[in-house]
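Remarks on the structure that follows.
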Amino acid sequence: MQRTLSIVKPDGVKKNLIGEVIKRFEENGLRVIGLKMIYMDKREAEGFYAVHRGKPFYESLTQFMSSGPSVVMVLEGDNAILKTRELMGATDPREAKEGTLRRQYANNIERNIVHGSDGPETAAFEIGYFFNALELFPY
Ligand code: CMP
């Protein structure tokens with residue numbers, strides 16, 4: 001059993017994809033054990049993406065992530081991190097496999113509709129960034 005954090009990003013929310021993303025995860029054996037809508041401010045987006053500080057896309061990415069509401073969720077299941085990443089597809093939608101969420105719905109590498117943690121340490125940091133223990137409900 002593993003946990004990961006996923007975000008329906010502001011572009012995904014604006015494209016009415018909240019349900020589609022959750023459905024894809026649930027259909028593939030993941031359980032949503034924490035869920036909320038948030039509107040990140042710039043500082044919160046910068047903290048979330050702190051590992052990317054200094055990269056050329058950091059400023060634009062954190063502006064975009066604080067440009068509208070997002071839906072953040074904690075997913076639980078066998079191999080949750082890898083499974084979530086497979087369902088999302090590659091970061092750049094042009095490289096994402098047919099049938100993946102990003103291939104189907106994303107505009108470009110920045111506006112790629114959905115985020116998922118890329119490893120166990122990142123997942124622990126990212127889950128803790130948005131959820132406390134009392135907001136998670138394993139079932
Ligand atoms: P995400 O999975 O949320 O993790 C970091 C995000 O940075 C990534 O999805 C993209 O939205 C963005 N990103 C990564 N690489 C680039 C890039 N080369 N140009 C623009 N945005 C990027």
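Going by the structure tokens order, chains are called A, B, ..., each with residues numbered from 1, while ligands are numbered from 1 in the order shown.
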
Do you know which residues are within 7 Å of ligand 1 using only C-alpha atoms and all ligand atoms? Can you write them as a ChimeraX atom specification?
/A:49,57,61,91,109-112,114-116

Output of the above residues as a PDB file, in the first residue's frame, restricted to N, CA and C atoms:
ATOM      1  N   TYR A  49       6.490  23.812  -5.191  1.00  0.00           N
ATOM      2  CA  TYR A  49       7.429  23.496  -6.271  1.00  0.00           C
ATOM      3  C   TYR A  49       8.854  23.948  -5.943  1.00  0.00           C
ATOM      4  N   PHE A  57      11.418  27.495 -15.929  1.00  0.00           N
ATOM      5  CA  PHE A  57       9.947  27.501 -15.947  1.00  0.00           C
ATOM      6  C   PHE A  57       9.317  27.791 -14.582  1.00  0.00           C
ATOM      7  N   LEU A  61       5.438  28.682 -13.973  1.00  0.00           N
ATOM      8  CA  LEU A  61       4.708  27.562 -13.367  1.00  0.00           C
ATOM      9  C   LEU A  61       3.993  27.993 -12.087  1.00  0.00           C
ATOM     10  N   THR A  91       5.074  14.198 -18.684  1.00  0.00           N
ATOM     11  CA  THR A  91       4.869  15.615 -18.346  1.00  0.00           C
ATOM     12  C   THR A  91       4.503  16.425 -19.585  1.00  0.00           C
ATOM     13  N   ILE A 109       3.412  21.459 -21.929  1.00  0.00           N
ATOM     14  CA  ILE A 109       4.172  20.891 -20.797  1.00  0.00           C
ATOM     15  C   ILE A 109       3.862  21.608 -19.478  1.00  0.00           C
ATOM     16  N   GLU A 110       3.580  22.889 -19.521  1.00  0.00           N
ATOM     17  CA  GLU A 110       3.236  23.596 -18.285  1.00  0.00           C
ATOM     18  C   GLU A 110       1.777  23.380 -17.919  1.00  0.00           C
ATOM     19  N   ARG A 111       0.907  23.611 -18.864  1.00  0.00           N
ATOM     20  CA  ARG A 111      -0.535  23.449 -18.616  1.00  0.00           C
ATOM     21  C   ARG A 111      -0.918  22.019 -18.946  1.00  0.00           C
ATOM     22  N   ASN A 112      -0.545  21.138 -18.028  1.00  0.00           N
ATOM     23  CA  ASN A 112      -0.700  19.708 -18.303  1.00  0.00           C
ATOM     24  C   ASN A 112      -1.758  19.054 -17.415  1.00  0.00           C
ATOM     25  N   VAL A 114      -2.780  17.984 -14.728  1.00  0.00           N
ATOM     26  CA  VAL A 114      -2.746  17.142 -13.523  1.00  0.00           C
ATOM     27  C   VAL A 114      -1.310  16.965 -13.040  1.00  0.00           C
ATOM     28  N   HIS A 115      -1.162  16.856 -11.735  1.00  0.00           N
ATOM     29  CA  HIS A 115       0.146  16.608 -11.121  1.00  0.00           C
ATOM     30  C   HIS A 115       0.084  15.314 -10.327  1.00  0.00           C
ATOM     31  N   GLY A 116       1.207  14.611 -10.256  1.00  0.00           N
ATOM     32  CA  GLY A 116       1.327  13.456  -9.366  1.00  0.00           C
ATOM     33  C   GLY A 116       2.738  13.395  -8.813  1.00  0.00           C
TER      34      GLY A 116
END

Contacts of Val72 of chain A at 8 Å or less, counting only C-alpha atoms, minus same-chain residues fewer than 6 places along, as a VMD selection string?
chain A and resid 5 to 8 35 to 38 130

Atom pair atom CA of Ser70 of chain A / atom CA of Gly119 of chain A: separation (Å)
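Computed distance, atom CA of Ser70 of chain A to atom CA of Gly119 of chain A, equals 21.3 Å.
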
Just the residues within 9 Å of Gly68 of chain A, please, counting only C-alpha atoms, with nothing from its chain fewer than 2 positions along; format it as a VMD selection string.
chain A and resid 9 to 11 13 to 14 38 to 40 64 to 66 70

For the strand (DSSP E or B) assignment from backbone DSSP, which residues of chain A qualify? Please present them as a list of chain:residue names.
A:Gln2, A:Arg3, A:Thr4, A:Leu5, A:Ser6, A:Ile7, A:Val8, A:Arg31, A:Val32, A:Ile33, A:Gly34, A:Leu35, A:Lys36, A:Met37, A:Ile38, A:Ser70, A:Val71, A:Val72, A:Met73, A:Val74, A:Leu75, A:Glu76, A:Gly77, A:Val114, A:His115, A:Gly116

DSSP on the backbone: which residues in segment 9-120 of chain A end up as alpha helix (DSSP H)? Give the answer as a PyMOL selection string.
chain A and resi 10-14+18-27+42-48+58-65+80-88+101-105+120

So that I can see what lies close to Glu76 of chain A, please list as a short mmCIF file (atom, residue, chain, number, x, y, z; two decimals) with N, CA and C atoms, in the first residue's frame the residues with an atom at most 12 Å from it, counting only C-alpha atoms and leaving out residues fewer than 6 positions away in the same chain.
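Okay, selection-v9.cif is ready:
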data_model
loop_
_atom_site.label_atom_id
_atom_site.label_comp_id
_atom_site.auth_asym_id
_atom_site.auth_seq_id
_atom_site.Cartn_x
_atom_site.Cartn_y
_atom_site.Cartn_z
N MET A 1 0.84 -1.22 0.00
CA MET A 1 0.00 0.00 0.00
C MET A 1 0.87 1.25 0.00
N GLN A 2 0.53 2.17 -0.85
CA GLN A 2 1.33 3.38 -1.00
C GLN A 2 0.40 4.58 -1.17
N ARG A 3 0.89 5.75 -0.80
CA ARG A 3 0.11 6.97 -0.97
C ARG A 3 0.83 7.94 -1.90
N THR A 4 0.04 8.74 -2.60
CA THR A 4 0.61 9.77 -3.45
C THR A 4 -0.30 10.98 -3.45
N LEU A 5 0.25 12.12 -3.85
CA LEU A 5 -0.56 13.33 -3.97
C LEU A 5 -0.79 13.64 -5.43
N SER A 6 -2.04 13.96 -5.74
CA SER A 6 -2.35 14.40 -7.09
C SER A 6 -3.08 15.75 -7.03
N PHE A 25 -8.61 7.58 -11.84
CA PHE A 25 -7.87 7.01 -10.72
C PHE A 25 -8.69 5.91 -10.04
N GLU A 26 -9.95 6.18 -9.77
CA GLU A 26 -10.79 5.20 -9.06
C GLU A 26 -10.96 3.92 -9.89
N ASN A 28 -8.99 2.59 -11.74
CA ASN A 28 -7.74 1.84 -11.80
C ASN A 28 -7.25 1.43 -10.41
N GLY A 29 -8.15 1.27 -9.49
CA GLY A 29 -7.83 0.67 -8.21
C GLY A 29 -7.27 1.60 -7.15
N LEU A 30 -7.29 2.91 -7.43
CA LEU A 30 -6.80 3.84 -6.41
C LEU A 30 -7.99 4.36 -5.60
N ARG A 31 -7.75 4.57 -4.32
CA ARG A 31 -8.79 5.13 -3.46
C ARG A 31 -8.46 6.58 -3.13
N VAL A 32 -9.44 7.45 -3.20
CA VAL A 32 -9.27 8.85 -2.80
C VAL A 32 -9.50 8.90 -1.29
N ILE A 33 -8.42 9.13 -0.52
CA ILE A 33 -8.58 9.14 0.94
C ILE A 33 -8.49 10.55 1.53
N GLY A 34 -8.27 11.54 0.66
CA GLY A 34 -8.26 12.94 1.08
C GLY A 34 -8.54 13.78 -0.14
N LEU A 35 -9.35 14.85 0.03
CA LEU A 35 -9.77 15.61 -1.16
C LEU A 35 -10.17 17.03 -0.75
N LEU A 82 3.48 5.07 -9.05
CA LEU A 82 3.71 4.68 -10.45
C LEU A 82 2.40 4.62 -11.23
N LYS A 83 1.37 4.06 -10.60
CA LYS A 83 0.08 3.92 -11.27
C LYS A 83 -0.47 5.30 -11.65
N THR A 84 -0.40 6.24 -10.72
CA THR A 84 -0.87 7.59 -11.00
C THR A 84 -0.09 8.21 -12.15
N ALA A 123 6.26 12.35 -2.36
CA ALA A 123 4.86 12.11 -1.97
C ALA A 123 4.65 12.48 -0.50
N ILE A 127 2.07 15.40 0.35
CA ILE A 127 0.85 15.10 1.12
C ILE A 127 0.81 16.00 2.36
N LEU A 136 -7.19 12.82 6.42
CA LEU A 136 -7.04 11.61 5.59
C LEU A 136 -7.89 10.49 6.18
N PHE A 137 -8.63 9.80 5.30
CA PHE A 137 -9.60 8.82 5.76
C PHE A 137 -9.45 7.51 4.99
N PRO A 138 -8.46 6.69 5.35
CA PRO A 138 -8.31 5.39 4.68
C PRO A 138 -9.54 4.53 4.94
N TYR A 139 -10.03 3.82 3.91
CA TYR A 139 -11.22 2.97 4.08
C TYR A 139 -11.06 1.69 3.28
#

Pick from A:Leu87, A:Leu134, A:Val71, A:Ala50, whichever lies nearest to Gly12 of chain A using only C-alpha atoms:
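Distance minimum relative to Gly12 of chain A lands on A:Val71.
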
One-decimal distance in Å that lies between atom CA of Lys23 of chain A and atom CA of Phe125 of chain A
24.8 Å

So what do you get for atom CA of Arg53 of chain A versus atom CA of Thr122 of chain A, distance-wise?
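These two atoms are separated by 15.0 Å.
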
Residue contacts of Gly99 of chain A (10 Å, only C-alpha atoms) excluding same-chain residues fewer than 3 positions away, as an NGL selection string
:A and (87-89 or 96 or 102-105)
